[in-house]
file data_27.txt (compact mmCIF, C-alpha atoms and all ligand atoms)
# COMPACT_ATOMS: atom_id res chain seq x y z
CA MET A 10 168.41 214.00 300.64
CA LYS A 11 169.66 217.43 299.91
CA SER A 12 169.53 216.98 296.16
CA LYS A 13 166.02 215.50 296.33
CA PHE A 14 164.84 218.53 298.29
CA PHE A 15 166.60 220.77 295.80
CA GLU A 16 164.91 219.00 292.87
CA LYS A 17 161.48 219.25 294.50
CA THR A 18 161.94 222.96 295.22
CA LYS A 19 163.17 223.56 291.71
CA ASN A 20 160.17 221.75 290.21
CA PHE A 21 157.78 223.63 292.47
CA PHE A 22 159.12 226.98 291.27
CA LYS A 23 159.13 225.76 287.70
CA ARG A 24 155.41 224.88 287.98
CA MET A 25 154.67 228.20 289.68
CA PHE A 26 156.44 230.17 287.00
CA LYS A 27 154.60 228.24 284.32
CA LYS A 28 151.27 229.13 285.96
CA VAL A 29 152.18 232.79 286.42
CA ASP A 30 153.53 232.91 282.92
CA GLY A 31 150.24 231.48 281.60
CA VAL A 32 148.25 234.15 283.39
CA LEU A 33 150.42 237.09 282.43
CA PHE A 34 151.16 235.93 278.92
CA PRO A 35 148.28 233.77 277.63
CA ALA A 36 148.79 231.79 274.42
CA ASN A 37 148.76 234.31 271.61
CA ILE A 38 145.45 234.99 269.95
CA LYS A 39 145.82 235.60 266.26
CA CYS A 40 143.79 237.79 263.93
CA LEU A 41 141.46 235.57 261.90
CA GLY A 42 142.08 237.81 258.90
CA CYS A 43 145.84 238.24 258.58
CA GLY A 44 147.22 236.00 261.33
CA ILE A 45 149.13 238.60 263.35
CA ASP A 46 149.11 238.32 267.15
CA LEU A 47 146.34 240.32 268.79
CA PRO A 48 147.45 242.51 271.71
CA GLU A 49 144.49 241.33 273.84
CA LYS A 50 141.56 238.93 273.89
CA ARG A 51 138.59 240.37 272.03
CA ASP A 52 135.11 239.11 271.11
CA ILE A 53 135.72 239.59 267.40
CA GLU A 54 139.19 238.16 266.88
CA ILE A 55 140.20 240.50 264.10
CA CYS A 56 143.00 243.09 264.23
CA ASP A 57 142.34 246.83 263.84
CA ASP A 58 143.61 246.88 260.25
CA CYS A 59 141.44 243.94 259.19
CA LEU A 60 138.41 245.38 261.02
CA LYS A 61 138.53 248.23 258.51
CA LEU A 62 137.92 245.67 255.76
CA LEU A 63 134.56 244.65 257.23
CA GLU A 64 131.60 246.48 255.68
CA PRO A 65 128.68 246.61 258.14
CA ILE A 66 125.22 246.82 256.58
CA THR A 67 123.27 249.74 258.06
CA GLU A 68 119.49 250.15 258.36
CA ASN A 69 119.43 253.20 256.11
CA LYS A 70 121.18 251.33 253.31
CA CYS A 71 119.50 247.96 253.02
CA CYS A 72 116.38 246.18 251.81
CA THR A 73 113.73 246.79 254.45
CA LEU A 74 112.59 243.17 254.17
CA CYS A 75 115.62 240.93 253.55
CA GLY A 76 118.42 243.25 254.70
CA THR A 77 120.44 243.00 251.49
CA SER A 78 122.78 245.96 251.11
CA LEU A 79 121.33 248.72 248.91
CA LYS A 80 122.16 252.36 248.21
CA MET A 81 119.18 253.41 250.37
CA ALA A 82 116.44 251.77 252.44
CA ASN A 83 114.04 250.22 249.92
CA LEU A 84 112.77 246.85 248.70
CA CYS A 85 115.38 244.87 246.73
CA PRO A 86 114.46 243.27 243.36
CA HIS A 87 114.23 239.78 244.94
CA CYS A 88 111.74 240.97 247.56
CA LYS A 89 109.75 242.91 244.97
CA GLU A 90 109.39 239.91 242.70
CA ASN A 91 109.10 236.98 245.10
CA LYS A 92 107.02 236.00 248.07
CA ARG A 93 109.23 235.92 251.15
CA GLU A 94 108.16 233.47 253.82
CA PHE A 95 110.22 235.08 256.60
CA ASN A 96 108.95 238.25 258.30
CA ILE A 97 112.30 240.02 258.31
CA ALA A 98 115.94 239.19 257.59
CA ARG A 99 119.15 241.04 258.38
CA SER A 100 122.85 240.39 257.79
CA ALA A 101 125.66 241.95 259.80
CA TYR A 102 128.15 242.55 256.98
CA ARG A 103 128.51 242.63 253.24
CA TYR A 104 129.97 239.48 251.75
CA ASN A 105 133.02 241.27 250.35
CA GLU A 106 136.36 239.65 249.49
CA PHE A 107 137.56 239.82 253.08
CA MET A 108 134.39 238.31 254.56
CA ALA A 109 134.28 235.65 251.85
CA GLY A 110 137.85 234.67 252.80
CA LEU A 111 136.89 234.32 256.46
CA ILE A 112 133.72 232.31 255.83
CA LYS A 113 135.34 230.00 253.29
CA ARG A 114 138.13 229.18 255.74
CA TYR A 115 135.55 228.55 258.46
CA LYS A 116 133.50 226.23 256.28
CA TYR A 117 136.01 224.46 254.10
CA ASN A 118 139.33 224.55 255.98
CA ASN A 119 138.13 222.76 259.10
CA GLN A 120 138.44 225.76 261.42
CA PRO A 121 135.31 225.41 263.60
CA TYR A 122 136.79 227.63 266.36
CA MET A 123 136.08 230.65 264.14
CA CYS A 124 132.37 230.26 265.08
CA ALA A 125 132.82 232.39 268.22
CA THR A 126 133.80 235.49 266.24
CA PHE A 127 130.84 235.04 263.86
CA ALA A 128 128.48 234.55 266.83
CA HIS A 129 129.71 237.79 268.40
CA MET A 130 129.18 239.59 265.11
CA LEU A 131 125.57 238.35 265.11
CA SER A 132 125.06 239.37 268.74
CA GLN A 133 126.13 242.92 267.94
CA LYS A 134 123.69 243.08 265.03
CA TYR A 135 120.92 241.47 267.08
CA LYS A 136 121.28 244.08 269.82
CA GLU A 137 121.39 246.86 267.26
CA ILE A 138 118.13 245.88 265.53
CA GLY A 139 116.32 244.55 268.58
CA PHE A 140 114.50 241.52 267.15
CA ASP A 141 111.86 240.15 269.51
CA VAL A 142 112.28 236.36 269.39
CA ASP A 143 111.65 233.35 271.64
CA CYS A 144 114.12 230.78 270.33
CA VAL A 145 116.98 230.15 267.90
CA ILE A 146 117.11 227.59 265.09
CA PRO A 147 120.16 227.23 262.82
CA VAL A 148 119.69 226.41 259.13
CA PRO A 149 120.26 222.64 259.10
CA ILE A 150 122.53 220.75 256.71
CA SER A 151 122.06 217.14 255.65
CA LYS A 152 123.65 214.29 257.62
CA GLN A 153 125.80 213.55 254.59
CA ARG A 154 127.14 217.14 254.44
CA LYS A 155 127.71 217.19 258.21
CA ARG A 156 129.74 214.00 257.96
CA GLN A 157 131.87 215.49 255.19
CA ARG A 158 132.51 218.81 256.98
CA GLY A 159 132.50 217.47 260.52
CA TYR A 160 130.18 220.21 261.75
CA ASN A 161 127.23 222.39 260.77
CA GLN A 162 128.72 225.87 260.52
CA SER A 163 125.42 227.63 261.33
CA GLU A 164 124.74 225.37 264.32
CA LEU A 165 128.09 226.24 265.95
CA ILE A 166 127.42 229.96 265.50
CA ALA A 167 123.82 229.62 266.76
CA LYS A 168 124.96 227.71 269.86
CA ILE A 169 127.23 230.51 271.09
CA PHE A 170 124.76 233.20 269.96
CA ALA A 171 121.88 231.57 271.88
CA GLU A 172 123.97 231.22 275.04
CA GLU A 173 125.11 234.82 274.87
CA ASN A 174 121.59 236.15 274.38
CA HIS A 175 119.89 233.75 276.83
CA LEU A 176 117.69 232.20 274.17
CA PRO A 177 116.81 228.50 273.87
CA LEU A 178 118.56 226.73 270.98
CA ILE A 179 116.32 224.25 269.16
CA LEU A 180 118.08 221.57 267.13
CA ASP A 181 115.49 218.80 266.84
CA VAL A 182 112.70 220.59 264.98
CA LEU A 183 113.98 221.80 261.61
CA LEU A 184 115.90 219.08 259.76
CA LYS A 185 117.35 218.68 256.29
CA ASP A 186 116.45 215.35 254.78
CA LYS A 187 118.38 215.31 251.57
CA GLU A 188 121.04 217.27 249.76
CA THR A 189 119.72 219.73 247.20
CA GLU A 190 121.64 219.77 243.96
CA HIS A 191 123.03 223.13 242.93
CA GLN A 192 120.73 224.09 240.09
CA ALA A 193 121.89 227.48 238.99
CA ASP A 194 119.67 227.41 235.91
CA LEU A 195 116.48 227.30 238.01
CA ASN A 196 114.62 230.55 238.71
CA TYR A 197 113.98 231.66 242.29
CA GLU A 198 110.53 230.08 242.52
CA ASP A 199 111.62 226.67 241.23
CA ARG A 200 114.75 226.72 243.34
CA GLN A 201 112.68 227.46 246.41
CA LYS A 202 110.23 224.66 245.66
CA ASN A 203 113.20 222.37 245.34
CA ILE A 204 114.67 223.48 248.67
CA VAL A 205 111.36 223.41 250.57
CA GLY A 206 111.11 219.70 249.75
CA SER A 207 114.47 219.03 251.37
CA PHE A 208 113.45 220.37 254.82
CA LYS A 209 111.17 218.73 257.33
CA VAL A 210 109.79 219.67 260.75
CA LYS A 211 109.61 217.32 263.74
CA ASN A 212 108.41 217.94 267.31
CA LYS A 213 106.08 220.73 266.14
CA GLN A 214 104.78 221.34 269.66
CA LYS A 215 108.15 222.85 270.60
CA ILE A 216 107.74 225.81 268.26
CA ALA A 217 103.99 226.32 267.85
CA GLY A 218 103.09 229.95 268.53
CA LYS A 219 106.77 230.95 268.97
CA ASN A 220 108.71 233.79 267.38
CA VAL A 221 111.62 231.95 265.80
CA LEU A 222 115.03 233.33 264.85
CA ILE A 223 116.76 231.43 262.04
CA ILE A 224 120.54 231.72 261.90
CA ASP A 225 122.74 231.17 258.88
CA ASP A 226 126.24 232.14 257.80
CA VAL A 227 125.57 233.63 254.38
CA PHE A 228 122.42 235.15 252.90
CA THR A 229 122.46 234.83 249.12
CA THR A 230 119.09 235.07 247.35
CA GLY A 231 117.27 234.17 250.55
CA ALA A 232 115.74 231.08 248.92
CA THR A 233 117.07 228.76 251.65
CA THR A 234 115.95 230.82 254.64
CA SER A 235 112.61 231.52 252.99
CA ALA A 236 112.13 227.77 252.50
CA CYS A 237 112.96 227.16 256.18
CA ALA A 238 110.43 229.84 257.13
CA LYS A 239 107.81 228.20 254.95
CA VAL A 240 108.00 224.81 256.66
CA LEU A 241 108.16 226.45 260.10
CA LYS A 242 105.07 228.53 259.38
CA LYS A 243 103.27 225.40 258.26
CA ALA A 244 104.09 224.09 261.74
CA LYS A 245 102.27 227.13 263.17
CA VAL A 246 105.09 229.35 264.37
CA GLN A 247 104.09 232.93 265.07
CA SER A 248 106.85 234.67 263.13
CA VAL A 249 110.22 233.95 261.52
CA SER A 250 113.14 236.38 261.65
CA VAL A 251 116.48 235.65 260.02
CA LEU A 252 119.96 236.73 261.07
CA CYS A 253 123.03 236.03 258.94
CA VAL A 254 126.70 236.94 259.20
CA ALA A 255 126.97 238.25 255.65
CA SER A 256 124.84 239.01 252.64
CA THR A 257 126.19 238.25 249.17
CA SER A 258 123.87 240.13 246.89
CA ILE A 259 126.00 243.25 246.80
CA LEU A 260 129.22 241.50 245.77
CA SER A 261 129.28 243.22 242.40
CA GLN A 262 128.74 246.62 244.02
CA SER A 263 131.66 246.20 246.38
CA GLN A 264 134.40 248.35 244.95
CA ASN A 265 136.40 248.86 248.10
CA SER A 266 139.89 249.20 246.67
CA LYS A 267 141.48 248.56 250.04
CA VAL A 268 139.69 245.23 250.17
CA LYS A 269 141.12 244.31 246.79
CA SER A 270 144.66 245.28 247.72
CA GLU A 271 144.42 243.14 250.86
CA LYS A 272 143.22 240.17 248.86
CA ILE A 273 146.68 238.88 248.01
CA LYS A 274 147.86 239.13 251.60
CA ILE A 275 144.77 237.26 252.84
CA SER A 276 144.83 234.51 250.24
CA ALA A 277 148.51 233.93 251.00
CA TYR A 278 147.57 233.52 254.64
CA VAL A 279 144.71 231.16 253.78
CA GLU A 280 147.02 228.97 251.74
CA ASN A 281 149.43 228.72 254.63
CA GLN A 282 146.75 227.45 257.00
ZN ZN B 1 144.39 241.24 260.76
ZN ZN B 2 115.09 242.19 249.85

call {"tool": "encode", "arguments": {"input": "data_27.txt", "output": "structure tokens", "more": "lines below"}}
Ligand SMILES: [Zn+2]
Ligand SMILES: [Zn+2]
result
Amino acid sequence: MKSKFFEKTKNFFKRMFKKVDGVLFPANIKCLGCGIDLPEKRDIEICDDCLKLLEPITENKCCTLCGTSLKMANLCPHCKENKREFNIARSAYRYNEFMAGLIKRYKYNNQPYMCATFAHMLSQKYKEIGFDVDCVIPVPISKQRKRQRGYNQSELIAKIFAEENHLPLILDVLLKDKETEHQADLNYEDRQKNIVGSFKVKNKQKIAGKNVLIIDDVFTTGATTSACAKVLKKAKVQSVSVLCVASTSILSQSQNSKVKSEKIKISAYVENQ
């Protein structure tokens, strides 16, 4: 009897300590950049040192239409030469070596949990620029690609972003029918024609007259988001804004030496994942 009571008491305290321990010392949250333990829970799960490697794009140094990083506020060559179907696009950060490392791990190393950090990055940018939108639509990927990857990276980001900003998330309107081949030799116009054909719109009544916000992870030439905007506008949406985590067009301009010196450390970490 005595030993049974003793065992029960011991187990009770063991459980209690486990609970208390879990509250006081939650499972360690690691920096998504370098992998060190973070001292506390934060929206953007990146340590102070790695945060310095992020290069935010500011309004006074970007294309006034597509948000690509520039030396001053102006129209970028892509926007000067091509018709953009979206009304405005912005990206939170430059797609530098550090950001490329993060996004590649998110997309290709099966680390969907990273979506929360990207969503918080977008929320910060969204509040900063003050877009006026009614609903959120992520750039879709084909069923085939979703099967391969297991998830649509933009959809996961958009889900958290929409919740955080109290906006409806619409997943059954803009769909990608087929995979577009990577045709690097095509010019912007031909590439866009090619991409437009791969998207389709269903349930048009859900978006007619709405101000739509398209969400994507990376903004490259803007051909994809512009193609999405084109099919949405055909379906009578009022306006299309675009918000992306990072914009690639300035990659060649990025000469941040600190970023380069961190590259080895980061790639070593990526390989160990
Ligand atoms: Zn770090
Ligand atoms: Zn532009």

call {"tool": "residues_near_ligand", "arguments": {"input": "data_27.txt", "ligand": "ligand ZN 1 (chain B)", "cutoff": "9 Å", "atoms": "all atoms listed in the file", "output": "PDB file with C-alpha atoms, in the frame of the given file"}}
result
ATOM      1  CA  LYS A  39     145.820 235.600 266.260  1.00  0.00           C
ATOM      2  CA  CYS A  40     143.790 237.790 263.930  1.00  0.00           C
ATOM      3  CA  LEU A  41     141.460 235.570 261.900  1.00  0.00           C
ATOM      4  CA  GLY A  42     142.080 237.810 258.900  1.00  0.00           C
ATOM      5  CA  CYS A  43     145.840 238.240 258.580  1.00  0.00           C
ATOM      6  CA  GLY A  44     147.220 236.000 261.330  1.00  0.00           C
ATOM      7  CA  ILE A  45     149.130 238.600 263.350  1.00  0.00           C
ATOM      8  CA  ASP A  46     149.110 238.320 267.150  1.00  0.00           C
ATOM      9  CA  LEU A  47     146.340 240.320 268.790  1.00  0.00           C
ATOM     10  CA  GLU A  54     139.190 238.160 266.880  1.00  0.00           C
ATOM     11  CA  ILE A  55     140.200 240.500 264.100  1.00  0.00           C
ATOM     12  CA  CYS A  56     143.000 243.090 264.230  1.00  0.00           C
ATOM     13  CA  ASP A  57     142.340 246.830 263.840  1.00  0.00           C
ATOM     14  CA  ASP A  58     143.610 246.880 260.250  1.00  0.00           C
ATOM     15  CA  CYS A  59     141.440 243.940 259.190  1.00  0.00           C
ATOM     16  CA  LEU A  60     138.410 245.380 261.020  1.00  0.00           C
ATOM     17  CA  ILE A 275     144.770 237.260 252.840  1.00  0.00           C
TER      18      ILE A 275
END

call {"tool": "closest_atom_pairs", "arguments": {"input": "data_27.txt", "of": "chain A", "to": "ligand ZN 2 (chain B)", "cutoff": "7 Å", "atoms": "only C-alpha atoms and all ligand atoms", "output": "CSV"}}
result
residue,atom,partner,partner_atom,distance
A:Cys72,CA,B:ZN2,ZN,4.6
A:Thr73,CA,B:ZN2,ZN,6.6
A:Leu74,CA,B:ZN2,ZN,5.1
A:Cys75,CA,B:ZN2,ZN,3.9
A:Gly76,CA,B:ZN2,ZN,6.0
A:Thr77,CA,B:ZN2,ZN,5.7
A:Leu84,CA,B:ZN2,ZN,5.3
A:Cys85,CA,B:ZN2,ZN,4.1
A:Pro86,CA,B:ZN2,ZN,6.6
A:His87,CA,B:ZN2,ZN,5.5
A:Cys88,CA,B:ZN2,ZN,4.2

call {"tool": "closest_residue", "arguments": {"input": "data_27.txt", "among": "A:Val142, A:Leu63, A:Gln133, A:Gln153", "to": "Gly110 in chain A", "atoms": "only C-alpha atoms"}}
result
A:Leu63

call {"tool": "residues_near_point", "arguments": {"input": "data_27.txt", "point": "(128.0, 227.6, 263.1)", "cutoff": "10 Å", "atoms": "all atoms listed in the file", "output": "list in words"}}
result
Tyr115, Lys116, Pro121, Tyr122, Met123, Cys124, Ala125, Phe127, Ala128, Pro147, Val148, Tyr160, Asn161, Gln162, Ser163, Glu164, Leu165, Ile166, Ala167, Lys168, Ile169, Phe170, Ile224, Asp225 and Asp226 of chain A

call {"tool": "closest_residue", "arguments": {"input": "data_27.txt", "among": "A:Asp186, A:Glu172, A:Glu94, A:Glu49", "to": "Val210 in chain A", "atoms": "only C-alpha atoms"}}
result
A:Asp186

call {"tool": "atom_distance", "arguments": {"input": "data_27.txt", "atom1": "CA of Glu64 in chain A", "atom2": "CA of Cys144 in chain A"}}
result
27.7 Å

call {"tool": "atom_distance", "arguments": {"input": "data_27.txt", "atom1": "CA of Arg93 in chain A", "atom2": "CA of Gly139 in chain A"}}
result
20.7 Å

call {"tool": "residues_around", "arguments": {"input": "data_27.txt", "residues": "Val182 in chain A", "least_positions_apart": "5", "cutoff": "12 Å", "atoms": "only C-alpha atoms", "output": "ChimeraX atom specification"}}
result
/A:144-149,208-217,221,223,237,240-241,244,246

call {"tool": "atom_distance", "arguments": {"input": "data_27.txt", "atom1": "CA of Ile150 in chain A", "atom2": "CA of Lys185 in chain A"}}
result
5.6 Å

call {"tool": "closest_residue", "arguments": {"input": "data_27.txt", "among": "A:Ala232, A:Ile138, A:Tyr104, A:Gly159", "to": "Arg200 in chain A", "atoms": "all atoms listed in the file"}}
result
A:Ala232

call {"tool": "closest_residue", "arguments": {"input": "data_27.txt", "among": "A:Leu111, A:Asp199, A:Phe140, A:Arg154", "to": "Ala98 in chain A", "atoms": "only C-alpha atoms"}}
result
A:Phe140

call {"tool": "closest_residue", "arguments": {"input": "data_27.txt", "among": "A:Leu62, A:Thr234, A:Lys202, A:Lys80", "to": "Glu106 in chain A", "atoms": "all atoms listed in the file"}}
result
A:Leu62
